[in-house]
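Structure file run-v9.csv (CSV, C-alpha atoms) is printed below.
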```
chain,number,residue,atom,x,y,z
A,1,MET,CA,115.0,117.7,108.6
A,2,THR,CA,118.4,116.5,107.3
A,3,ASP,CA,118.4,114.7,104.0
A,4,VAL,CA,119.4,111.1,104.8
A,5,ARG,CA,118.7,109.6,101.4
A,6,PHE,CA,122.4,109.4,100.5
A,7,SER,CA,124.2,109.0,103.8
A,8,PRO,CA,126.9,106.3,103.6
A,9,LEU,CA,125.7,105.1,107.0
A,10,ARG,CA,122.1,104.6,106.0
A,11,ALA,CA,120.4,102.8,103.1
A,12,ALA,CA,119.2,105.1,100.3
A,13,HIS,CA,115.7,106.4,101.1
A,14,ASP,CA,115.8,104.4,104.4
A,15,PHE,CA,115.0,101.2,102.5
A,16,TYR,CA,115.2,98.4,105.0
A,17,PRO,CA,112.9,95.6,103.9
A,18,THR,CA,111.0,93.7,106.6
A,19,PRO,CA,111.6,89.9,106.6
A,20,PRO,CA,108.2,88.1,106.2
A,21,GLU,CA,108.4,86.4,109.6
A,22,GLY,CA,108.4,89.9,111.2
A,23,THR,CA,104.9,90.6,109.7
A,24,ARG,CA,103.7,87.1,110.3
A,25,ALA,CA,104.6,87.4,114.0
A,26,LEU,CA,102.4,90.5,114.2
A,27,LEU,CA,99.5,88.7,112.6
A,28,ILE,CA,99.7,85.9,115.2
A,29,VAL,CA,98.7,88.4,117.9
A,30,GLU,CA,96.8,91.1,116.0
A,31,LYS,CA,93.9,91.1,113.6
A,32,PHE,CA,92.8,94.1,111.6
A,33,THR,CA,89.2,95.0,110.6
A,34,GLY,CA,89.0,96.5,107.2
A,35,SER,CA,91.5,97.5,104.6
A,36,ILE,CA,95.2,98.2,105.3
A,37,TRP,CA,97.4,101.0,103.9
A,38,GLU,CA,101.1,100.2,103.7
A,39,PRO,CA,102.6,103.7,103.0
A,40,ALA,CA,106.3,102.7,102.9
A,41,CYS,CA,105.8,99.5,101.0
A,42,GLY,CA,109.3,99.3,99.4
A,43,ASN,CA,109.4,96.1,97.5
A,44,GLY,CA,106.2,94.8,99.1
A,45,ALA,CA,107.7,92.8,101.9
A,46,ILE,CA,104.9,93.7,104.5
A,47,SER,CA,102.1,94.0,101.9
A,48,LYS,CA,102.7,90.5,100.4
A,49,VAL,CA,102.4,88.9,103.9
A,50,LEU,CA,99.2,90.9,104.6
A,51,ILE,CA,97.7,89.9,101.2
A,52,ALA,CA,98.6,86.3,101.8
A,53,ASN,CA,96.6,86.6,105.0
A,54,ARG,CA,93.5,87.8,103.1
A,55,TYR,CA,93.8,91.5,103.9
A,56,HIS,CA,92.9,94.1,101.2
A,57,VAL,CA,96.1,96.2,101.1
A,58,ILE,CA,96.8,99.5,99.4
A,59,SER,CA,100.6,99.8,98.9
A,60,THR,CA,102.4,103.1,98.3
A,61,ASP,CA,105.9,104.4,98.7
A,62,PRO,CA,107.7,107.7,98.1
A,63,VAL,CA,110.1,105.8,95.7
A,64,ASP,CA,109.0,103.7,92.8
A,65,ARG,CA,110.5,100.3,93.6
A,66,GLY,CA,108.3,98.3,91.2
A,67,TYR,CA,105.7,97.4,93.8
A,68,GLY,CA,102.6,99.4,94.7
A,69,VAL,CA,102.2,103.0,93.7
A,70,GLY,CA,105.5,105.0,93.8
A,71,GLY,CA,105.9,108.7,94.3
A,72,VAL,CA,103.4,109.0,97.2
A,73,ASN,CA,104.7,110.9,100.1
A,74,PHE,CA,102.7,109.6,103.1
A,75,LEU,CA,103.4,112.7,105.2
A,76,HIS,CA,101.7,114.9,102.5
A,77,GLU,CA,98.5,112.8,102.3
A,78,ARG,CA,95.4,114.4,103.9
A,79,VAL,CA,93.0,111.5,103.8
A,80,THR,CA,93.6,107.9,104.6
A,81,ARG,CA,93.5,105.3,101.9
A,82,ALA,CA,92.4,102.5,104.2
A,83,ALA,CA,90.9,101.9,107.6
A,84,ASN,CA,94.2,100.8,109.1
A,85,ILE,CA,97.9,101.6,108.6
A,86,VAL,CA,100.7,99.0,109.0
A,87,THR,CA,104.3,99.8,108.0
A,88,ASN,CA,108.0,99.8,108.8
A,89,PRO,CA,108.5,103.6,108.6
A,90,PRO,CA,111.7,105.3,107.6
A,91,TYR,CA,113.6,106.2,110.8
A,92,GLY,CA,116.1,108.9,109.7
A,93,SER,CA,115.7,112.5,110.8
A,94,GLY,CA,112.6,111.9,112.9
A,95,LEU,CA,110.6,110.4,110.1
A,96,ALA,CA,109.3,107.5,112.3
A,97,ASP,CA,107.9,109.9,114.8
A,98,ALA,CA,106.3,111.9,112.0
A,99,PHE,CA,104.8,108.7,110.5
A,100,VAL,CA,103.3,107.7,113.9
A,101,ARG,CA,101.7,111.1,114.5
A,102,HIS,CA,100.4,111.4,110.9
A,103,ALA,CA,99.1,107.8,110.8
A,104,LEU,CA,97.2,108.4,114.1
A,105,ARG,CA,95.6,111.5,112.6
A,106,LEU,CA,94.6,109.8,109.4
A,107,VAL,CA,92.9,106.7,111.0
A,108,GLU,CA,91.0,108.8,113.6
A,109,PRO,CA,87.9,109.1,111.3
A,110,THR,CA,88.0,105.3,110.4
A,111,GLY,CA,88.4,104.0,114.0
A,112,GLY,CA,91.2,101.9,112.6
A,113,SER,CA,94.5,100.7,114.1
A,114,VAL,CA,98.1,101.7,113.4
A,115,ALA,CA,100.9,99.2,113.6
A,116,MET,CA,104.5,100.5,113.2
A,117,LEU,CA,107.7,98.4,113.2
A,118,LEU,CA,110.0,100.5,115.4
A,119,ASN,CA,113.5,100.2,116.7
A,120,LEU,CA,113.2,99.1,120.3
A,121,ALA,CA,115.5,101.9,121.4
A,122,SER,CA,112.9,104.4,120.3
A,123,LEU,CA,110.8,103.4,123.3
A,124,ALA,CA,113.4,104.8,125.6
A,125,HIS,CA,114.2,108.1,124.0
A,126,PRO,CA,113.7,111.3,126.0
A,127,ILE,CA,112.3,113.4,123.1
A,128,ARG,CA,109.5,110.8,122.6
A,129,HIS,CA,108.4,110.6,126.2
A,130,ALA,CA,105.6,113.1,126.0
A,131,GLN,CA,104.3,111.7,122.7
A,132,TRP,CA,104.2,108.1,124.0
A,133,ILE,CA,102.7,109.1,127.3
A,134,GLY,CA,100.2,111.4,125.6
A,135,HIS,CA,99.1,108.8,123.1
A,136,PRO,CA,100.3,105.4,124.2
A,137,PRO,CA,100.0,102.3,122.0
A,138,ALA,CA,97.6,99.6,123.1
A,139,ALA,CA,100.2,97.0,122.7
A,140,ILE,CA,104.0,96.6,122.2
A,141,TYR,CA,105.3,93.4,120.8
A,142,VAL,CA,109.1,92.8,121.2
A,143,LEU,CA,110.6,90.7,118.4
A,144,ASP,CA,113.4,88.4,119.5
A,145,GLN,CA,115.7,88.3,116.5
A,146,LEU,CA,114.4,90.3,113.5
A,147,THR,CA,117.0,92.0,111.3
A,148,CYS,CA,115.9,94.4,108.5
A,149,TRP,CA,118.9,94.3,106.2
A,150,PRO,CA,119.6,97.5,104.4
A,151,HIS,CA,120.0,97.7,100.6
A,152,GLY,CA,123.1,99.4,99.4
A,153,VAL,CA,124.9,99.8,102.8
A,154,GLU,CA,128.1,98.0,103.5
A,155,GLY,CA,128.7,96.3,106.9
A,156,ASN,CA,126.3,94.9,109.4
A,157,PHE,CA,125.3,97.8,111.6
A,158,ALA,CA,121.6,96.8,111.3
A,159,ALA,CA,122.3,93.4,112.8
A,160,GLY,CA,122.6,95.0,116.2
A,161,HIS,CA,119.2,96.7,116.1
A,162,ARG,CA,116.2,95.2,117.9
A,163,TYR,CA,112.6,95.8,116.9
A,164,CYS,CA,109.1,95.9,118.2
A,165,TRP,CA,105.7,96.4,116.8
A,166,ALA,CA,103.8,99.2,118.4
A,167,VAL,CA,100.1,99.0,117.8
A,168,TRP,CA,97.6,101.8,118.5
A,169,LYS,CA,93.9,101.0,118.6
A,170,HIS,CA,91.1,103.5,118.3
A,171,GLY,CA,89.7,104.4,121.7
A,172,HIS,CA,92.6,102.9,123.7
A,173,ARG,CA,93.4,104.7,127.0
A,174,GLY,CA,95.9,103.8,129.6
A,175,ARG,CA,99.1,101.7,129.6
A,176,PRO,CA,100.0,99.4,126.7
A,177,THR,CA,100.3,95.6,127.1
A,178,LEU,CA,103.8,94.3,126.4
A,179,TRP,CA,104.5,90.9,125.0
A,180,TRP,CA,107.4,89.0,123.3
A,181,LEU,CA,107.2,87.4,119.9
A,182,ARG,CA,109.5,84.5,118.8
A,183,LEU,CA,110.2,84.7,115.1
A,184,THR,CA,110.7,81.0,114.8
A,185,GLU,CA,107.0,80.6,115.5
A,186,ALA,CA,106.2,82.8,112.5
A,187,MET,CA,108.5,81.1,109.9
A,188,SER,CA,107.0,79.1,107.1
```
Structure translated into structure tokens:
Amino acid sequence: MTDVRFSPLRAAHDFYPTPPEGTRALLIVEKFTGSIWEPACGNGAISKVLIANRYHVISTDPVDRGYGVGGVNFLHERVTRAANIVTNPPYGSGLADAFVRHALRLVEPTGGSVAMLLNLASLAHPIRHAQWIGHPPAAIYVLDQLTCWPHGVEGNFAAGHRYCWAVWKHGHRGRPTLWWLRLTEAMS
């Protein structure tokens, strides 16, 4: 994998915090049974919303940003820290694909769910076709106007990105459901 930590076109360590309404929109349509691991917690943006909604959350990140436990490389973990995994994974150099595959392996023994905030364009990429067909999510929720602003990157390239939550549920077979989420309904 290429090292994208210091690319002038990407935020250092792919740090793109998720606005709270993005996570709140997910929680309008999905409920999780048991604890949740947020393995790319950054500054706690997703974790704080989950905690505010009464979930027990374990927050880790490869970089110590003053929230959760820093220095934890999710892709090197061999045992899950919670029943479910919910995160906005880093995207650079195929990391989002690796996060999805690894999260699905880790929650298999727990029967938990995996929810990943992904760039909508990732759904239509030819290198992911076999992965998505072989292990489709149970649901895909398209977000109407979410922008994850990067820290330390000039310009507004992130403003053009569109996002979706892809949710895998234990035992799901067949095609995913698709639905649209309006962020104004999740603002508070």
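For the choices A:His172, A:Arg162, A:Arg54, A:His76, the atom-to-atom distance to Leu123 (chain A) is smallest for A:Arg162 when using all atoms listed in the file.
For the residues A:Val167, A:Leu120, A:Ala186, A:Val57, ranking by smallest atom-to-atom distance to Val100 (chain A) using all atoms listed in the file places A:Val167 first.
Nearest to Thr33 (chain A) of all the residues A:Val63, A:Leu146, A:Leu104, A:Ile85 is A:Ile85, based on all atoms listed in the file.
Note that the spacing between CA of Leu75 (chain A) and CA of Ala115 (chain A) amounts to 16.1 Å.
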Within 12 Å of (105.0, 107.3, 123.2) in the file's own coordinates, which protein, DNA or RNA residues have an atom, counting all atoms listed in the file? List them as an mmCIF file with C-alpha atoms, in the frame of the given file.
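Listing of result01.cif after writing:
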```
data_model
loop_
_atom_site.group_PDB
_atom_site.id
_atom_site.type_symbol
_atom_site.label_atom_id
_atom_site.label_comp_id
_atom_site.auth_asym_id
_atom_site.auth_seq_id
_atom_site.Cartn_x
_atom_site.Cartn_y
_atom_site.Cartn_z
ATOM 1 C CA ALA A 96 109.300 107.500 112.300
ATOM 2 C CA ASP A 97 107.900 109.900 114.800
ATOM 3 C CA VAL A 100 103.300 107.700 113.900
ATOM 4 C CA ARG A 101 101.700 111.100 114.500
ATOM 5 C CA LEU A 118 110.000 100.500 115.400
ATOM 6 C CA LEU A 120 113.200 99.100 120.300
ATOM 7 C CA ALA A 121 115.500 101.900 121.400
ATOM 8 C CA SER A 122 112.900 104.400 120.300
ATOM 9 C CA LEU A 123 110.800 103.400 123.300
ATOM 10 C CA ALA A 124 113.400 104.800 125.600
ATOM 11 C CA HIS A 125 114.200 108.100 124.000
ATOM 12 C CA PRO A 126 113.700 111.300 126.000
ATOM 13 C CA ILE A 127 112.300 113.400 123.100
ATOM 14 C CA ARG A 128 109.500 110.800 122.600
ATOM 15 C CA HIS A 129 108.400 110.600 126.200
ATOM 16 C CA ALA A 130 105.600 113.100 126.000
ATOM 17 C CA GLN A 131 104.300 111.700 122.700
ATOM 18 C CA TRP A 132 104.200 108.100 124.000
ATOM 19 C CA ILE A 133 102.700 109.100 127.300
ATOM 20 C CA GLY A 134 100.200 111.400 125.600
ATOM 21 C CA HIS A 135 99.100 108.800 123.100
ATOM 22 C CA PRO A 136 100.300 105.400 124.200
ATOM 23 C CA PRO A 137 100.000 102.300 122.000
ATOM 24 C CA ALA A 138 97.600 99.600 123.100
ATOM 25 C CA ALA A 139 100.200 97.000 122.700
ATOM 26 C CA ILE A 140 104.000 96.600 122.200
ATOM 27 C CA ALA A 166 103.800 99.200 118.400
ATOM 28 C CA VAL A 167 100.100 99.000 117.800
ATOM 29 C CA TRP A 168 97.600 101.800 118.500
ATOM 30 C CA GLY A 174 95.900 103.800 129.600
ATOM 31 C CA ARG A 175 99.100 101.700 129.600
ATOM 32 C CA PRO A 176 100.000 99.400 126.700
#
```
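The interatomic distance for the pair CA of Tyr67 (chain A) and CA of Thr18 (chain A) works out to 14.3 Å.
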> Using only C-alpha atoms, which residue out of A:His102, A:Glu77, A:Tyr91, A:Val107 lies closest to Ile36 (chain A)?
Replying inline: A:Val107
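The space between CA of Ser47 (chain A) and CA of Leu181 (chain A) spans 19.8 Å.
Considering the residues A:Phe99, A:Tyr141, A:Trp165, A:Tyr55 and counting only C-alpha atoms, Met116 (chain A) has its shortest atom-to-atom contact with A:Trp165.
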> Need the neighbours of (85.9, 103.7, 114.3): which residues are at most 12 Å away, counting all atoms listed in the file, as number ranges by chain?
Replying inline: A: 33-34, 83-84, 106-113, 169-172
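Of the residues listed (A:Thr87, A:Arg173, A:Gly71, A:His56), A:Thr87 shows the shortest atom-to-atom separation from Val114 (chain A); distances use all atoms listed in the file.
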Can you sort out the box for region 48-67 of chain A, edges along x, y and z, all listed atoms in, 3 Å on every side, with centre and edge lengths in Å to one decimal, as lines of an AutoDock Vina configuration file?
```
center_x = 101.7
center_y = 97.0
center_z = 98.1
size_x = 23.6
size_y = 27.4
size_z = 19.8
```
